[in-house]
Amino acid sequence: MNPNLQFVQGNEAIVEGALYAGLRFYAGYPITPSTEIAEILSVSLPKVGGTFIQMEDEISSMCAVIGASLTGQKVMTATSGPGFSLMQEAIGYAVMAEVPSVVVDVQRGGPSTGLPTSVAQGDIMQARWGTHGDHAIVALTASNLTDAFSMTVEAFNLAETFRTPVILLFDEVLAHMREKILIPDPGEIEVVERLRTSVPGGTDYHPYLAREDGRLPMSDFGGVHRYNVTGLFHDMWGFPSNDPAVAYELLHHLVDKLRNRADSIAHYKEHFTEDADILLISYGSSARSALHMVEERRKRGVKVGLLELQSLWPFPRQTVREKCEGRSHVLVVEMNMGQIFREVKCCVSNPNGVYLANRFDGVFISHLDISRVLNMLLGKGV
Amino acid sequence: MAVKDYLRRRFFPQIWCAGCGHGIIMGGMIRAIEQLGLDKNEIVVISGIGCSSRMPGYLDFHTMHTLHGRALAFAMGVKMGRPELNVIVPMGDGDAAAIGGNHLIHAARRNIDLTAIIMNNHIYGMTGGQFSPMTPFGDKATTAPFGTIDHAFDLVELGKGAGASFVARTTTFHTQEMIRIIVKAIEHKGFSMVEVMTQCPTYYGRKNKRGSAADMMKYFKQITVPVGSKKKAEHPELIERGIFLEEQRPEYSATYLEFIEKQRAQKSTVKK
């Protein structure tokens, strides 16, 4: 049997993806439903010479991960809703100081302690706006474990390319379900390595001066370049500045480096969309039920398709707008009170044609739940 | 090397008020590093937020100015990322003992090889003079206009109780002692915690009528005695200075490296 073919739990697939991408440092704090990620990494990281530490809380976990990233390691932490809230200040630091880092948020029901063992997708906006101040962020998701693996690799790639924290917004169903995955051979999926400066030691190195292509080559702590890192607005040396021109330029840089590439870096999948009159838009585990319903209806000749989003932030507005053009109905399927629904309405030419099929009671949304909403839309009763 | 060779003079003048003790501590730290003959590339200085936390920016090492209270958490990551580096963590008293109190006790408990320097000026300076967990009972601050009813920590007892393996206290008046202590703290393999009592004439001094910076420093001379001195027995209100604890105990990053070596050796025999 192919040793790369494995039957794994979702959290295990995430770990496999992270190790494939070169993860060497993990700091975390136990929280359901993400804990298995920590448990598995406590075994597997030492074997590759990496570091696993359990911290005193999620705040320190995110901080430790940022510190380790500056020493040149690929880093990750994992948590769920309440822990994700605690990490927000440090995530903002990683945005401001441009430190590559990956944060897994296995979503559960909220607010507060909520429904710790139940599924939800309520952290979409927390991922977007959880930390204070204007900023841009990257958030990816997946609906099956093969994609969870590849999106985890992609999270590391984007973190390194754009020197940014990347959020992996998975959910309880995806994290705890089991599925087979075929782990790719090394080199099969591209892995982006950190871009390091070519400036020799003893020369003035500017850690925050972007190259022409917008990328900022890094230098590891402990290396030959000594520079400052701060969460304050800063100049090209990383030294604090409250010069309005410096603040304006830096904030623009932080936002534009992602916002201007929203559609070019977006990941999504299309299922039966070509001739679809009705377009479903979904992501994460709810996209499984959406696809289930689409396949059932297709058997009966209904022209319905699914746009499955894998990039949630920056939101691929242009792509969504184009894909929704000319459909009779657009139905967003998610497990919250309409967080992506609102986003879709904002970017399509006919917001009144966008509808929502959702659940937020801790129960996994089924194809029947979606079917009922679709029947109503088509005037077929409930 | 001279003191100036350790400074990023491009970023001067520094932001501290006239008479502030933080510059004295920065000078003490530089002299300690100079005495140890450490390469500048081997040193990382990580701070949180507050007056004290501006120190790393002026120092020509690998430096990081992080979040309020979280300096030790960032330092954990840096040290575990590259255990061969010397990581020094200057913090203010509010930074270390209030918002960062949890990280302080847990870093101490792990006995990770970090050098924590707590610059205790008994007040929140950057925000304009509010009481901190180190403001003595009854002293005034902008948020304690009638005197604080909070009791202060004894940082030495806190450090010992939490598991630090090197615990010391000194003041900005006793600069030679400060340098000696910081030298030992950096050399020590394990969590070192050094409290440096320092003056904030602008807020703590003014609110509590302590006079000039020089008056406040002289006061440190009057109210402190070397650890173990007879005078302390006669006058229990005096504060002891010096090294209270210096023990060799298994250090966290070294223990982890040993653990990794063992795991890698067993790798071939372990079933996935």
# chains A, B, ... in the order shown; residues from 1 in each chain; ligands from 1
>>> residues_around(residues="Lys160 of chain B", least_positions_apart="5", cutoff="9 Å", atoms="only C-alpha atoms", output="VMD selection string")
chain B and resid 108 155 165 to 167 244 to 245
>>> interface_residues(of="chain B", to="chain A", cutoff="6 Å", atoms="only C-alpha atoms", output="NGL selection string")
:B and (41-42 or 61-66 or 73-74 or 76-78 or 81 or 260 or 263-264)
>>> write_last_selection(atoms="C-alpha atoms", output="PDB file, in the first residue's frame")
ATOM      1  CA  ASN B  41      25.143  39.709  17.311  1.00  0.00           C
ATOM      2  CA  GLU B  42      24.641  37.252  20.189  1.00  0.00           C
ATOM      3  CA  PHE B  61      21.650  44.589  19.325  1.00  0.00           C
ATOM      4  CA  HIS B  62      18.827  42.541  17.839  1.00  0.00           C
ATOM      5  CA  THR B  63      15.979  44.449  19.411  1.00  0.00           C
ATOM      6  CA  MET B  64      12.266  44.081  19.750  1.00  0.00           C
ATOM      7  CA  HIS B  65       9.691  46.452  21.218  1.00  0.00           C
ATOM      8  CA  THR B  66       6.598  44.325  21.674  1.00  0.00           C
ATOM      9  CA  ALA B  73       6.279  35.663  25.932  1.00  0.00           C
ATOM     10  CA  PHE B  74       8.008  36.986  22.785  1.00  0.00           C
ATOM     11  CA  MET B  76      10.271  32.636  25.032  1.00  0.00           C
ATOM     12  CA  GLY B  77       9.848  32.274  21.263  1.00  0.00           C
ATOM     13  CA  VAL B  78      13.177  33.910  20.441  1.00  0.00           C
ATOM     14  CA  GLY B  81      13.966  29.538  18.275  1.00  0.00           C
ATOM     15  CA  ILE B 260      15.009  16.551  20.800  1.00  0.00           C
ATOM     16  CA  GLN B 263      13.680  11.779  20.036  1.00  0.00           C
ATOM     17  CA  ARG B 264      15.757  11.959  16.867  1.00  0.00           C
TER      18      ARG B 264
END
>>> residues_around(residues="segment 349-351 of chain A", least_positions_apart="5", cutoff="8 Å", atoms="only C-alpha atoms", output="count of residues only")
3
>>> residues_around(residues="Cys324 of chain A", least_positions_apart="4", cutoff="7 Å", atoms="only C-alpha atoms", output="VMD selection string")
chain A and resid 279 320 330 348
>>> write_last_selection(atoms="N, CA and C atoms", output="PDB file, in the first residue's frame")
ATOM      1  N   LEU A 279     -26.775  29.952  -8.276  1.00  0.00           N
ATOM      2  CA  LEU A 279     -25.399  29.747  -7.805  1.00  0.00           C
ATOM      3  C   LEU A 279     -25.364  29.724  -6.280  1.00  0.00           C
ATOM      4  N   VAL A 320     -16.062  37.017  -7.224  1.00  0.00           N
ATOM      5  CA  VAL A 320     -17.433  36.720  -6.794  1.00  0.00           C
ATOM      6  C   VAL A 320     -18.428  37.492  -7.659  1.00  0.00           C
ATOM      7  N   VAL A 330     -28.649  33.815  -6.128  1.00  0.00           N
ATOM      8  CA  VAL A 330     -27.373  33.475  -5.473  1.00  0.00           C
ATOM      9  C   VAL A 330     -27.714  33.120  -4.032  1.00  0.00           C
ATOM     10  N   VAL A 348     -21.901  42.254  -5.467  1.00  0.00           N
ATOM     11  CA  VAL A 348     -22.590  41.850  -6.694  1.00  0.00           C
ATOM     12  C   VAL A 348     -23.411  43.002  -7.261  1.00  0.00           C
TER      13      VAL A 348
END
>>> residues_around(residues="Gly109 of chain A", least_positions_apart="4", cutoff="7 Å", atoms="only C-alpha atoms", output="PyMOL selection string")
chain A and resi 114-116+118-120+122+362
>>> residues_around(residues="Ala142 of chain A", least_positions_apart="5", cutoff="10 Å", atoms="only C-alpha atoms", output="ChimeraX atom specification")
/A:147-152,168-171,174,267-268,283-288,308-311
>>> write_last_selection(atoms="C-alpha atoms", output="mmCIF file, in the first residue's frame")
data_model
loop_
_atom_site.group_PDB
_atom_site.id
_atom_site.type_symbol
_atom_site.label_atom_id
_atom_site.label_comp_id
_atom_site.auth_asym_id
_atom_site.auth_seq_id
_atom_site.Cartn_x
_atom_site.Cartn_y
_atom_site.Cartn_z
ATOM 1 C CA ASP A 147 -7.722 20.734 0.567
ATOM 2 C CA ALA A 148 -7.084 21.322 4.293
ATOM 3 C CA PHE A 149 -3.605 19.947 3.651
ATOM 4 C CA SER A 150 -2.938 22.086 0.590
ATOM 5 C CA MET A 151 -4.485 25.241 2.080
ATOM 6 C CA THR A 152 -2.242 24.816 5.120
ATOM 7 C CA LEU A 168 -6.642 29.150 8.645
ATOM 8 C CA LEU A 169 -10.353 29.275 9.371
ATOM 9 C CA PHE A 170 -11.390 25.675 9.767
ATOM 10 C CA ASP A 171 -14.339 24.382 11.750
ATOM 11 C CA LEU A 174 -13.635 19.533 9.292
ATOM 12 C CA HIS A 267 -8.354 30.245 -4.175
ATOM 13 C CA TYR A 268 -11.785 28.911 -5.054
ATOM 14 C CA TYR A 283 -16.898 27.457 2.156
ATOM 15 C CA GLY A 284 -15.498 25.175 4.821
ATOM 16 C CA SER A 285 -17.494 22.157 5.891
ATOM 17 C CA SER A 286 -20.824 23.732 4.888
ATOM 18 C CA ALA A 287 -19.638 23.584 1.272
ATOM 19 C CA ARG A 288 -19.870 19.773 1.585
ATOM 20 C CA GLU A 308 -16.666 27.163 -3.120
ATOM 21 C CA LEU A 309 -14.493 29.859 -1.584
ATOM 22 C CA GLN A 310 -11.152 28.833 -0.122
ATOM 23 C CA SER A 311 -9.845 32.379 0.266
#
>>> atom_distance(atom1="atom CA of Ala136 of chain A", atom2="atom CA of Ser219 of chain A")
23.3 Å
>>> closest_residue(among="A:Phe162, A:Trp237, A:Tyr248, A:Tyr208", to="Arg261 of chain A", atoms="only C-alpha atoms")
A:Phe162
>>> residues_around(residues="Pro33 of chain A", least_positions_apart="5", cutoff="8 Å", atoms="only C-alpha atoms", output="ChimeraX atom specification")
/A:79-80,106-108,116-117,172,175-176
>>> write_last_selection(atoms="N, CA and C atoms", output="mmCIF file, in the first residue's frame")
data_model
loop_
_atom_site.group_PDB
_atom_site.id
_atom_site.type_symbol
_atom_site.label_atom_id
_atom_site.label_comp_id
_atom_site.auth_asym_id
_atom_site.auth_seq_id
_atom_site.Cartn_x
_atom_site.Cartn_y
_atom_site.Cartn_z
ATOM 1 N N THR A 79 -5.852 27.308 17.664
ATOM 2 C CA THR A 79 -6.759 27.627 18.751
ATOM 3 C C THR A 79 -8.196 27.529 18.256
ATOM 4 N N SER A 80 -9.126 28.002 19.086
ATOM 5 C CA SER A 80 -10.526 28.116 18.700
ATOM 6 C C SER A 80 -11.049 29.463 19.208
ATOM 7 N N VAL A 106 -9.858 26.737 14.664
ATOM 8 C CA VAL A 106 -10.885 25.722 14.442
ATOM 9 C C VAL A 106 -12.152 26.262 15.110
ATOM 10 N N GLN A 107 -13.064 26.741 14.268
ATOM 11 C CA GLN A 107 -14.223 27.465 14.800
ATOM 12 C C GLN A 107 -15.223 26.559 15.508
ATOM 13 N N ARG A 108 -15.789 27.100 16.582
ATOM 14 C CA ARG A 108 -16.844 26.430 17.337
ATOM 15 C C ARG A 108 -17.911 27.475 17.637
ATOM 16 N N PRO A 116 -18.653 24.626 22.859
ATOM 17 C CA PRO A 116 -17.257 24.238 22.605
ATOM 18 C C PRO A 116 -17.079 23.005 21.726
ATOM 19 N N THR A 117 -18.046 22.103 21.743
ATOM 20 C CA THR A 117 -17.852 20.876 20.967
ATOM 21 C C THR A 117 -18.699 20.848 19.702
ATOM 22 N N GLU A 172 -15.181 22.842 13.397
ATOM 23 C CA GLU A 172 -15.186 21.615 14.188
ATOM 24 C C GLU A 172 -15.437 20.377 13.341
ATOM 25 N N ALA A 175 -12.333 19.580 11.340
ATOM 26 C CA ALA A 175 -11.208 19.205 12.210
ATOM 27 C C ALA A 175 -11.367 17.814 12.791
ATOM 28 N N HIS A 176 -12.603 17.395 13.003
ATOM 29 C CA HIS A 176 -12.830 16.112 13.670
ATOM 30 C C HIS A 176 -13.290 14.993 12.749
#
